[in-house]
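Below is work10.txt, which holds compact mmCIF, C-alpha atoms and all ligand atoms.
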# COMPACT_ATOMS: atom_id res chain seq x y z
CA MET A 217 21.84 3.13 -48.96
CA LYS A 218 22.40 6.50 -50.61
CA THR A 219 21.17 7.42 -54.07
CA LEU A 220 23.06 9.71 -56.40
CA ILE A 221 20.34 12.35 -56.14
CA GLU A 222 20.57 12.32 -52.34
CA PHE A 223 24.34 12.68 -52.55
CA ILE A 224 24.11 15.56 -55.07
CA ASN A 225 21.63 17.34 -52.82
CA GLU A 226 23.88 16.85 -49.79
CA GLU A 227 26.85 18.28 -51.67
CA GLN A 228 24.73 21.20 -52.77
CA ALA A 229 23.64 21.89 -49.20
CA HIS A 230 27.32 22.40 -48.25
CA ASN A 231 27.60 25.24 -50.73
CA PRO A 232 25.51 28.22 -49.57
CA ASN A 233 25.79 29.91 -53.00
CA ALA A 234 24.47 26.92 -54.92
CA THR A 235 21.39 27.60 -57.01
CA GLY A 236 20.70 23.99 -57.90
CA GLU A 237 21.64 24.56 -61.55
CA PHE A 238 24.73 22.40 -61.36
CA SER A 239 22.79 19.61 -59.66
CA ARG A 240 20.25 19.71 -62.46
CA LEU A 241 23.01 19.57 -65.07
CA LEU A 242 24.47 16.48 -63.46
CA ASN A 243 21.06 14.94 -63.25
CA ASP A 244 20.52 15.54 -66.99
CA ILE A 245 23.77 13.71 -67.71
CA THR A 246 22.64 10.71 -65.68
CA ILE A 247 19.30 10.57 -67.48
CA ALA A 248 21.08 10.35 -70.84
CA ALA A 249 23.48 7.77 -69.35
CA LYS A 250 20.59 5.51 -68.36
CA ILE A 251 19.11 5.64 -71.86
CA VAL A 252 22.49 4.97 -73.47
CA ASN A 253 23.04 2.12 -71.03
CA ARG A 254 19.74 0.56 -72.06
CA GLU A 255 20.70 0.69 -75.74
CA ILE A 256 24.19 -0.68 -75.12
CA ASN A 257 22.75 -3.60 -73.19
CA LYS A 258 20.62 -4.69 -76.11
CA ALA A 259 23.19 -3.92 -78.80
CA GLY A 260 23.77 -7.57 -79.69
CA LEU A 261 20.05 -8.15 -80.20
CA GLY A 262 20.32 -6.38 -83.55
CA ASP A 263 21.33 -9.61 -85.21
CA ILE A 264 18.50 -11.79 -83.93
CA MET A 265 15.79 -9.13 -83.98
CA GLY A 266 16.69 -8.17 -87.52
CA TYR A 267 17.19 -4.46 -86.99
CA GLU A 268 20.92 -4.32 -87.47
CA GLY A 269 20.61 -2.70 -90.89
CA LYS A 270 19.17 0.65 -91.66
CA GLN A 271 15.78 0.21 -90.01
CA ASN A 272 14.40 -1.43 -86.87
CA VAL A 273 11.15 -3.36 -86.52
CA GLN A 274 9.17 -0.15 -86.15
CA GLY A 275 10.64 1.08 -89.42
CA GLU A 276 12.83 3.62 -87.61
CA ASP A 277 16.39 4.25 -88.71
CA GLN A 278 18.95 2.51 -86.54
CA LYS A 279 21.81 4.67 -85.50
CA LYS A 280 25.26 3.52 -84.61
CA LEU A 281 25.65 3.52 -80.85
CA ASP A 282 28.20 6.30 -80.73
CA VAL A 283 25.95 8.57 -82.77
CA PHE A 284 22.98 7.55 -80.63
CA ALA A 285 24.90 8.34 -77.43
CA ASN A 286 25.97 11.69 -78.81
CA ASP A 287 22.37 12.60 -79.69
CA MET A 288 21.11 11.50 -76.27
CA PHE A 289 23.58 13.56 -74.27
CA ILE A 290 23.05 16.61 -76.49
CA GLU A 291 19.26 16.31 -76.17
CA ALA A 292 19.42 15.93 -72.39
CA LEU A 293 21.70 18.95 -72.03
CA LYS A 294 19.62 20.98 -74.44
CA HIS A 295 16.36 20.35 -72.64
CA GLY A 296 17.92 20.83 -69.22
CA GLY A 297 18.82 24.42 -70.06
CA GLN A 298 21.88 24.65 -67.77
CA CYS A 299 24.43 24.18 -70.54
CA CYS A 300 25.10 26.86 -73.19
CA ALA A 301 27.61 24.97 -75.37
CA ILE A 302 29.02 21.49 -75.88
CA ALA A 303 32.21 20.22 -77.47
CA SER A 304 31.80 16.56 -78.47
CA GLU A 305 34.17 14.09 -80.02
CA GLU A 306 31.42 13.33 -82.53
CA ASP A 307 31.07 16.91 -83.79
CA GLU A 308 33.74 18.99 -85.48
CA GLY A 309 32.28 22.34 -84.40
CA LEU A 310 30.87 23.69 -81.17
CA ILE A 311 27.25 22.71 -80.39
CA THR A 312 25.05 25.58 -79.23
CA PHE A 313 21.29 25.85 -78.83
CA ASN A 314 18.96 28.37 -80.24
CA ASN A 315 16.82 28.80 -77.17
CA LYS A 316 16.68 31.40 -74.41
CA LEU A 317 16.91 28.93 -71.56
CA SER A 318 20.16 27.34 -72.79
CA ASN A 319 21.64 30.72 -73.75
CA ASN A 320 21.29 31.69 -70.10
CA GLY A 321 22.93 28.45 -68.96
CA LYS A 322 25.99 28.91 -66.77
CA TYR A 323 27.92 25.83 -67.84
CA VAL A 324 29.69 24.30 -70.83
CA VAL A 325 30.38 20.59 -71.29
CA ALA A 326 33.11 18.76 -73.21
CA MET A 327 32.34 15.09 -73.78
CA ASP A 328 33.27 11.88 -75.45
CA PRO A 329 29.79 10.34 -75.64
CA LEU A 330 31.00 6.78 -76.28
CA ASP A 331 34.67 6.18 -75.75
CA GLY A 332 36.37 2.95 -76.75
CA SER A 333 34.78 2.85 -80.19
CA SER A 334 36.74 -0.22 -81.27
CA ASN A 335 35.06 -2.16 -78.43
CA ILE A 336 31.45 -1.15 -79.12
CA GLU A 337 30.58 -4.09 -81.37
CA VAL A 338 32.34 -6.76 -79.32
CA ASN A 339 30.66 -6.56 -75.93
CA VAL A 340 33.62 -5.08 -74.10
CA SER A 341 33.36 -2.22 -71.60
CA ILE A 342 33.01 1.26 -73.05
CA GLY A 343 32.34 4.61 -71.45
CA THR A 344 31.17 8.21 -71.57
CA ILE A 345 33.59 10.89 -70.36
CA PHE A 346 32.68 14.48 -69.49
CA SER A 347 34.21 17.75 -68.30
CA ILE A 348 32.12 20.62 -66.93
CA PHE A 349 33.36 24.24 -66.88
CA LYS A 350 31.64 27.51 -65.97
CA ARG A 351 31.18 29.72 -69.01
CA ILE A 352 33.33 32.85 -69.16
CA SER A 353 31.25 34.66 -71.79
CA GLU A 354 28.27 36.82 -70.88
CA PRO A 355 25.02 34.86 -70.37
CA GLY A 356 22.10 35.56 -72.69
CA LYS A 357 23.93 34.39 -75.81
CA PRO A 358 25.12 30.99 -76.99
CA GLY A 359 28.36 29.75 -75.42
CA THR A 360 31.60 30.29 -77.34
CA VAL A 361 34.69 28.26 -78.17
CA ASP A 362 36.60 30.33 -75.60
CA ASP A 363 34.23 29.06 -72.90
CA LEU A 364 35.59 25.60 -73.63
CA LEU A 365 39.23 26.49 -74.07
CA GLN A 366 39.91 26.47 -70.34
CA ALA A 367 42.70 24.60 -68.61
CA GLY A 368 41.69 21.59 -66.52
CA ASN A 369 42.56 23.46 -63.33
CA GLN A 370 39.37 25.48 -63.96
CA LEU A 371 37.08 22.43 -63.98
CA VAL A 372 33.88 22.54 -61.96
CA ALA A 373 33.40 18.79 -62.22
CA ALA A 374 34.33 15.80 -64.33
CA GLY A 375 33.48 12.15 -64.51
CA TYR A 376 32.76 9.08 -66.54
CA ILE A 377 30.14 6.44 -66.92
CA ILE A 378 31.47 2.94 -67.45
CA TYR A 379 29.14 0.51 -69.21
CA GLY A 380 30.67 -2.73 -68.02
CA SER A 381 29.66 -5.84 -66.12
CA SER A 382 27.71 -3.27 -64.19
CA THR A 383 27.19 0.38 -65.09
CA MET A 384 28.83 2.97 -62.89
CA LEU A 385 29.09 6.72 -62.66
CA VAL A 386 32.36 7.97 -61.18
CA TYR A 387 32.65 11.71 -60.71
CA SER A 388 34.21 14.51 -58.73
CA THR A 389 33.40 18.13 -58.04
CA GLY A 390 36.85 18.72 -56.57
CA HIS A 391 36.10 17.16 -53.16
CA GLY A 392 37.28 13.61 -53.79
CA VAL A 393 35.92 10.94 -56.09
CA ASN A 394 32.76 8.94 -55.57
CA GLY A 395 31.38 6.00 -57.52
CA PHE A 396 27.72 5.04 -57.99
CA THR A 397 26.47 1.78 -59.46
CA LEU A 398 23.29 1.63 -61.49
CA ASP A 399 20.69 -0.73 -60.07
CA PRO A 400 18.83 -1.54 -63.29
CA SER A 401 15.85 -3.01 -61.45
CA VAL A 402 14.94 0.40 -59.99
CA GLY A 403 16.81 2.63 -62.47
CA LEU A 404 18.80 4.40 -59.74
CA PHE A 405 22.49 5.07 -59.27
CA LEU A 406 23.40 3.98 -55.73
CA MET A 407 26.57 4.97 -53.92
CA SER A 408 28.84 1.94 -54.04
CA HIS A 409 32.40 3.38 -53.98
CA PRO A 410 32.60 6.35 -51.58
CA LYS A 411 35.83 8.41 -51.42
CA MET A 412 37.77 6.42 -54.01
CA LYS A 413 41.56 6.44 -53.60
CA ILE A 414 44.06 5.13 -56.12
CA PRO A 415 46.94 3.17 -54.55
CA GLU A 416 50.19 5.19 -54.65
CA GLY A 417 51.98 2.35 -56.36
CA GLY A 418 50.79 -0.58 -58.40
CA ASN A 419 51.90 -3.34 -60.70
CA ILE A 420 49.66 -2.95 -63.75
CA TYR A 421 50.71 -1.06 -66.86
CA SER A 422 48.32 -0.42 -69.71
CA ILE A 423 49.62 0.58 -73.12
CA ASN A 424 49.14 -0.43 -76.75
CA GLU A 425 52.52 -2.08 -77.07
CA ALA A 426 52.05 -2.75 -80.79
CA ASN A 427 53.20 0.84 -81.30
CA TYR A 428 56.48 0.07 -79.51
CA ILE A 429 58.81 0.89 -82.39
CA TYR A 430 57.34 4.39 -82.65
CA PHE A 431 57.52 5.17 -78.91
CA PRO A 432 59.90 7.79 -77.52
CA ASP A 433 62.98 6.31 -75.86
CA GLY A 434 61.66 7.36 -72.43
CA VAL A 435 58.61 5.11 -72.87
CA LYS A 436 60.70 2.22 -74.21
CA GLU A 437 63.03 2.48 -71.22
CA TYR A 438 60.10 2.74 -68.80
CA LEU A 439 58.58 -0.42 -70.30
CA ARG A 440 61.91 -2.18 -69.93
CA TYR A 441 61.88 -1.09 -66.26
CA CYS A 442 58.31 -2.49 -65.83
CA GLN A 443 59.48 -5.82 -67.27
CA GLU A 444 62.67 -6.17 -65.23
CA ASP A 445 62.97 -8.94 -62.67
CA ASP A 446 63.03 -7.39 -59.19
CA PRO A 447 60.79 -9.19 -56.69
CA LYS A 448 61.49 -6.50 -54.06
CA THR A 449 59.59 -3.93 -56.13
CA ASN A 450 57.05 -6.42 -57.40
CA ARG A 451 58.54 -6.47 -60.90
CA PRO A 452 58.01 -7.62 -63.54
CA TYR A 453 54.65 -5.85 -63.49
CA THR A 454 51.67 -7.18 -65.36
CA THR A 455 50.05 -5.82 -68.54
CA ARG A 456 46.32 -5.18 -68.84
CA TYR A 457 45.06 -3.31 -71.90
CA ILE A 458 41.41 -3.23 -72.89
CA GLY A 459 41.63 -0.38 -75.38
CA SER A 460 38.83 1.57 -73.64
CA LEU A 461 40.38 4.41 -71.66
CA VAL A 462 37.50 4.43 -69.17
CA ALA A 463 37.74 0.71 -68.48
CA ASP A 464 41.54 0.69 -68.30
CA PHE A 465 41.58 3.71 -66.01
CA HIS A 466 38.74 2.39 -63.84
CA ARG A 467 40.58 -0.87 -63.19
CA ASN A 468 43.84 0.96 -62.43
CA LEU A 469 41.99 3.38 -60.13
CA ILE A 470 40.78 0.48 -58.02
CA ARG A 471 43.83 -1.80 -58.23
CA GLY A 472 46.71 0.65 -58.76
CA GLY A 473 48.43 1.02 -62.11
CA ILE A 474 49.43 3.31 -64.94
CA TYR A 475 47.78 3.97 -68.31
CA LEU A 476 50.00 5.38 -71.07
CA TYR A 477 49.12 6.77 -74.49
CA PRO A 478 52.36 8.48 -75.43
CA GLY A 479 53.19 10.64 -78.41
CA THR A 480 55.07 8.77 -81.10
CA ARG A 481 57.47 9.80 -83.80
CA LYS A 482 54.50 9.52 -86.20
CA ASN A 483 52.01 11.33 -83.91
CA PRO A 484 53.93 13.43 -81.39
CA ASP A 485 50.68 14.48 -79.67
CA GLY A 486 49.45 10.92 -79.26
CA LYS A 487 45.83 9.99 -79.88
CA LEU A 488 43.71 11.04 -76.93
CA ARG A 489 41.91 14.36 -76.78
CA LEU A 490 42.79 16.85 -74.10
CA LEU A 491 39.42 18.37 -73.25
CA TYR A 492 37.16 15.35 -73.04
CA GLU A 493 39.49 12.39 -72.45
CA ASN A 494 42.70 13.49 -70.74
CA VAL A 495 41.51 16.41 -68.61
CA PRO A 496 38.50 14.71 -66.97
CA VAL A 497 40.41 11.48 -66.31
CA ALA A 498 43.39 13.50 -64.98
CA PHE A 499 41.07 15.41 -62.65
CA LEU A 500 39.65 12.16 -61.25
CA ALA A 501 43.14 10.69 -60.89
CA GLU A 502 44.36 13.70 -58.91
CA GLN A 503 41.22 13.83 -56.81
CA ALA A 504 41.82 10.18 -55.94
CA GLY A 505 45.45 10.87 -54.98
CA GLY A 506 47.04 9.89 -58.31
CA LYS A 507 48.80 11.83 -61.01
CA ALA A 508 48.43 12.70 -64.70
CA SER A 509 50.87 14.24 -67.12
CA ASP A 510 51.87 14.46 -70.77
CA GLY A 511 55.24 13.06 -69.78
CA PHE A 512 56.55 16.48 -68.76
CA ARG A 513 53.68 18.75 -67.72
CA ARG A 514 50.68 18.38 -65.43
CA ILE A 515 47.70 17.72 -67.73
CA LEU A 516 45.44 20.06 -65.75
CA ASP A 517 47.79 23.01 -66.36
CA ILE A 518 47.84 22.73 -70.15
CA GLN A 519 46.06 25.61 -71.84
CA PRO A 520 44.05 24.20 -74.77
CA ASN A 521 44.18 26.04 -78.13
CA GLU A 522 41.64 23.94 -79.92
CA ILE A 523 38.62 21.91 -78.76
CA HIS A 524 39.80 18.65 -80.33
CA GLN A 525 43.45 19.05 -79.35
CA ARG A 526 45.41 15.89 -78.53
CA THR A 527 48.16 15.38 -75.96
CA PRO A 528 50.24 12.40 -74.82
CA PHE A 529 48.77 10.90 -71.66
CA PHE A 530 50.29 9.20 -68.62
CA VAL A 531 47.83 8.66 -65.77
CA GLY A 532 47.40 6.56 -62.68
CA SER A 533 49.20 5.73 -59.45
CA LYS A 534 51.38 8.61 -58.32
CA HIS A 535 54.66 6.74 -57.99
CA MET A 536 54.24 4.98 -61.32
CA VAL A 537 53.52 8.20 -63.24
CA GLU A 538 56.49 9.88 -61.54
CA LYS A 539 58.75 7.02 -62.61
CA ALA A 540 57.52 7.25 -66.22
CA GLU A 541 58.11 11.03 -66.16
CA TYR A 542 61.64 10.43 -64.92
CA PHE A 543 62.36 8.21 -67.94
CA MET A 544 60.79 10.77 -70.29
CA ARG A 545 62.96 13.59 -68.93
CA TYR A 546 66.08 11.47 -69.02
CA TYR A 547 65.72 9.82 -72.44
CA SER A 548 63.22 11.80 -74.49
CA LYS A 549 64.10 15.46 -74.21
CA GLU A 550 63.19 15.93 -77.89
CA PHE A 551 59.54 15.22 -77.01
CA GLU A 552 59.45 17.96 -74.39
CA PRO A 553 56.90 20.58 -75.50
CA LYS A 554 58.38 23.96 -76.47
CA LYS A 555 57.22 26.54 -73.93
P1 LIG A 601 37.97 6.63 -79.38
O1 LIG A 601 37.52 7.87 -78.70
O2 LIG A 601 37.91 6.73 -80.88
O3 LIG A 601 37.26 5.42 -78.87
O4 LIG A 601 39.54 6.48 -79.05
C1 LIG A 601 39.95 6.53 -77.73
C2 LIG A 601 40.36 5.15 -77.30
C3 LIG A 601 40.60 4.99 -75.83
O5 LIG A 601 39.45 4.65 -75.13
C4 LIG A 601 41.58 3.85 -75.82
O6 LIG A 601 42.29 3.78 -74.64
C5 LIG A 601 42.42 4.13 -77.02
O7 LIG A 601 41.61 4.89 -77.90
C6 LIG A 601 42.84 2.89 -77.70
O8 LIG A 601 43.60 3.21 -78.82
P2 LIG A 601 44.43 2.10 -79.60
O9 LIG A 601 43.42 1.26 -80.30
O10 LIG A 601 45.31 2.88 -80.51
O11 LIG A 601 45.21 1.33 -78.58
MG MG A 602 37.35 8.66 -77.17
Please lay out the structure from this file as structure tokens.
Ligand code: AHM
Ligand code: MG
Amino acid sequence: MKTLIEFINEEQAHNPNATGEFSRLLNDITIAAKIVNREINKAGLGDIMGYEGKQNVQGEDQKKLDVFANDMFIEALKHGGQCCAIASEEDEGLITFNNKLSNNGKYVVAMDPLDGSSNIEVNVSIGTIFSIFKRISEPGKPGTVDDLLQAGNQLVAAGYIIYGSSTMLVYSTGHGVNGFTLDPSVGLFLMSHPKMKIPEGGNIYSINEANYIYFPDGVKEYLRYCQEDDPKTNRPYTTRYIGSLVADFHRNLIRGGIYLYPGTRKNPDGKLRLLYENVPVAFLAEQAGGKASDGFRRILDIQPNEIHQRTPFFVGSKHMVEKAEYFMRYYSKEFEPKK
């Protein structure tokens, strides 16, 4: 039985230049994750304990879970001192800290503290997603927006926590993907899914099909392909869509499948955010042998211009993403980004 801390230390031992700062940063993230997990698990108790409104039994203000998660991760990163700036889905601007320790931190973090917001109140799996980059600005001062505007191919690490039927941390430092399950009785993440690999093909597709009429022709044609009758290629495929990127991706990672959030004629850039949704999930997909693109370009090669930038997203089993890209190139040239 290997704990997450043991695994982090082992990984660190393989890198002679490691100072332990990155390990501490990762550890800070897991501490916040455990606290968030505890709150998520008692979310429904609000109704019967009578603290659903503005105040709890102790007279403290109750925060919505996504705001609570955001505060927890920011606090953990602030006190850890390894991180000099954060971009969060919950905050319009960059978060920096007015303390010497953090200003000397080597890393910046982009995060979606609680993804799958429409599922928070209904007891369906949600997640936290994070990207970690090395700062490019001089240490000694707060991190800058430019520290965060790095392409995914510069990532130091990325991962997610899924709060589901069990709580898991899945992450990668660029040497494969490993999954750890939280044992709540001892409060430790234990290695449960070493060296995760996504099947090259699959038969699950995950997309919000209610937006069908707005989809580019390439996506419509790809969906028609998924629904065709061809037992030799296992078609028609099957649809699974939870509406939590982390949960949909996690299932497809284990079973094989594709997740699509395309651009539409109304929103050509789609919905999902590049830095803290698409890039970290793309990194994990590639590290597990899968693929991720915006329909035309590798997600990890896109240079961000803005911390909350959105891009279309196609991620999952390699052969499935390649097939979807083929349909995009063939039918939806107008959606191809101008160079
Ligand atoms: P959020 O960050 O506001 O929760 O939005 C991101 C979520 C993803 O987790 C999910 O896959 C997608 O939005 C669902 O969107 P839709 O409801 O349009 O299908
Ligand atoms: Mg989100």
Report the centre and edge lengths, in Å to one decimal, of an axis-aligned box enclosing every atom of range 303-313 of chain A listed in the file, padded by 4 Å on each side, as JSON.
{"center_x": 27.7, "center_y": 19.6, "center_z": -81.5, "size_x": 20.9, "size_y": 20.5, "size_z": 16.0}
Which is closer to Leu330 in chain A than all the others in A:Ala508, A:Ile342, A:Ala248, A:Leu364, using all atoms listed in the file? A:Ile342
Please return as a ChimeraX atom specification the residues found within 8 Å of ligand MG 602 (chain A), counting all atoms listed in the file. /A:305,328-333,461,488-489,492-493
Nearest to ligand LIG 601 (chain A) by atom-to-atom distance, counting only C-alpha atoms and all ligand atoms, from A:Val462, A:Ala540, A:Val495, A:Ala504: A:Val462
When you draw a straight line from CA of Lys534 in chain A to CA of Gly392 in chain A, how long is it in Å? 15.6 Å
Would you kindly return, as a VMD selection string, each protein, DNA or RNA residue with an atom no farther than 12 Å from any atom of Lys322 in chain A, considering all atoms listed in the file and excluding same-chain residues fewer than 3 positions away? chain A and resid 235 to 238 240 to 241 296 to 301 317 to 319 325 348 to 359 363 372
Go ahead and save the picked residues with C-alpha atoms, as a PDB file, in the frame of the given file.
ATOM      1  CA  THR A 235      21.390  27.600 -57.010  1.00  0.00           C
ATOM      2  CA  GLY A 236      20.700  23.990 -57.900  1.00  0.00           C
ATOM      3  CA  GLU A 237      21.640  24.560 -61.550  1.00  0.00           C
ATOM      4  CA  PHE A 238      24.730  22.400 -61.360  1.00  0.00           C
ATOM      5  CA  ARG A 240      20.250  19.710 -62.460  1.00  0.00           C
ATOM      6  CA  LEU A 241      23.010  19.570 -65.070  1.00  0.00           C
ATOM      7  CA  GLY A 296      17.920  20.830 -69.220  1.00  0.00           C
ATOM      8  CA  GLY A 297      18.820  24.420 -70.060  1.00  0.00           C
ATOM      9  CA  GLN A 298      21.880  24.650 -67.770  1.00  0.00           C
ATOM     10  CA  CYS A 299      24.430  24.180 -70.540  1.00  0.00           C
ATOM     11  CA  CYS A 300      25.100  26.860 -73.190  1.00  0.00           C
ATOM     12  CA  ALA A 301      27.610  24.970 -75.370  1.00  0.00           C
ATOM     13  CA  LEU A 317      16.910  28.930 -71.560  1.00  0.00           C
ATOM     14  CA  SER A 318      20.160  27.340 -72.790  1.00  0.00           C
ATOM     15  CA  ASN A 319      21.640  30.720 -73.750  1.00  0.00           C
ATOM     16  CA  VAL A 325      30.380  20.590 -71.290  1.00  0.00           C
ATOM     17  CA  ILE A 348      32.120  20.620 -66.930  1.00  0.00           C
ATOM     18  CA  PHE A 349      33.360  24.240 -66.880  1.00  0.00           C
ATOM     19  CA  LYS A 350      31.640  27.510 -65.970  1.00  0.00           C
ATOM     20  CA  ARG A 351      31.180  29.720 -69.010  1.00  0.00           C
ATOM     21  CA  ILE A 352      33.330  32.850 -69.160  1.00  0.00           C
ATOM     22  CA  SER A 353      31.250  34.660 -71.790  1.00  0.00           C
ATOM     23  CA  GLU A 354      28.270  36.820 -70.880  1.00  0.00           C
ATOM     24  CA  PRO A 355      25.020  34.860 -70.370  1.00  0.00           C
ATOM     25  CA  GLY A 356      22.100  35.560 -72.690  1.00  0.00           C
ATOM     26  CA  LYS A 357      23.930  34.390 -75.810  1.00  0.00           C
ATOM     27  CA  PRO A 358      25.120  30.990 -76.990  1.00  0.00           C
ATOM     28  CA  GLY A 359      28.360  29.750 -75.420  1.00  0.00           C
ATOM     29  CA  ASP A 363      34.230  29.060 -72.900  1.00  0.00           C
ATOM     30  CA  VAL A 372      33.880  22.540 -61.960  1.00  0.00           C
TER      31      VAL A 372
END
The residues within 12 Å of (25.8, 20.0, -58.7), using all atoms listed in the file and the coordinates of the file, should be reported as an NGL selection string; which are they? :A and (220-231 or 233-245 or 298 or 323 or 348-350 or 372-374 or 387-390)
Between CA of Tyr438 in chain A and atom C6 of ligand LIG 601 (chain A), what is the distance, to one decimal in Å? 19.4 Å
Lys554 in chain A environment, 12 Å, all atoms listed in the file, sequence neighbours closer than 2 positions dropped, as a PyMOL selection string: chain A and resi 512-513+549-552
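Distances from A:Asn286, A:Asn494, A:Asn314, A:Ser533 to Ile515 in chain A were compared using all atoms listed in the file, and the smallest one belongs to A:Asn494.
Picture a line from CA of Phe346 in chain A to CA of Glu538 in chain A; it runs 25.5 Å.
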Using only C-alpha atoms, which protein or nucleic acid residues come within 8 Å of Ile474 in chain A? Drop anything in the same chain fewer than 6 positions from it, and give the result as an mmCIF file with C-alpha atoms, in the frame of the given file.
data_model
loop_
_atom_site.group_PDB
_atom_site.id
_atom_site.type_symbol
_atom_site.label_atom_id
_atom_site.label_comp_id
_atom_site.auth_asym_id
_atom_site.auth_seq_id
_atom_site.Cartn_x
_atom_site.Cartn_y
_atom_site.Cartn_z
ATOM 1 C CA GLY A 418 50.790 -0.580 -58.400
ATOM 2 C CA ILE A 420 49.660 -2.950 -63.750
ATOM 3 C CA TYR A 421 50.710 -1.060 -66.860
ATOM 4 C CA SER A 422 48.320 -0.420 -69.710
ATOM 5 C CA PHE A 465 41.580 3.710 -66.010
ATOM 6 C CA ASN A 468 43.840 0.960 -62.430
ATOM 7 C CA PHE A 530 50.290 9.200 -68.620
ATOM 8 C CA VAL A 531 47.830 8.660 -65.770
ATOM 9 C CA GLY A 532 47.400 6.560 -62.680
ATOM 10 C CA SER A 533 49.200 5.730 -59.450
ATOM 11 C CA MET A 536 54.240 4.980 -61.320
ATOM 12 C CA VAL A 537 53.520 8.200 -63.240
#
Extract, using only C-alpha atoms, all DNA, RNA and protein residues at most 6 Å from range 397-411 of chain A, discarding same-chain residues fewer than 3 positions from it, and format them as an NGL selection string. :A and (218-220 or 383-384 or 392-394)
Set the distance at 10 Å and use all atoms listed in the file: which residues neighbour Arg481 in chain A once local chain neighbours fewer than 6 positions away are removed? I'd like the list as a ChimeraX atom specification. /A:429-432,551
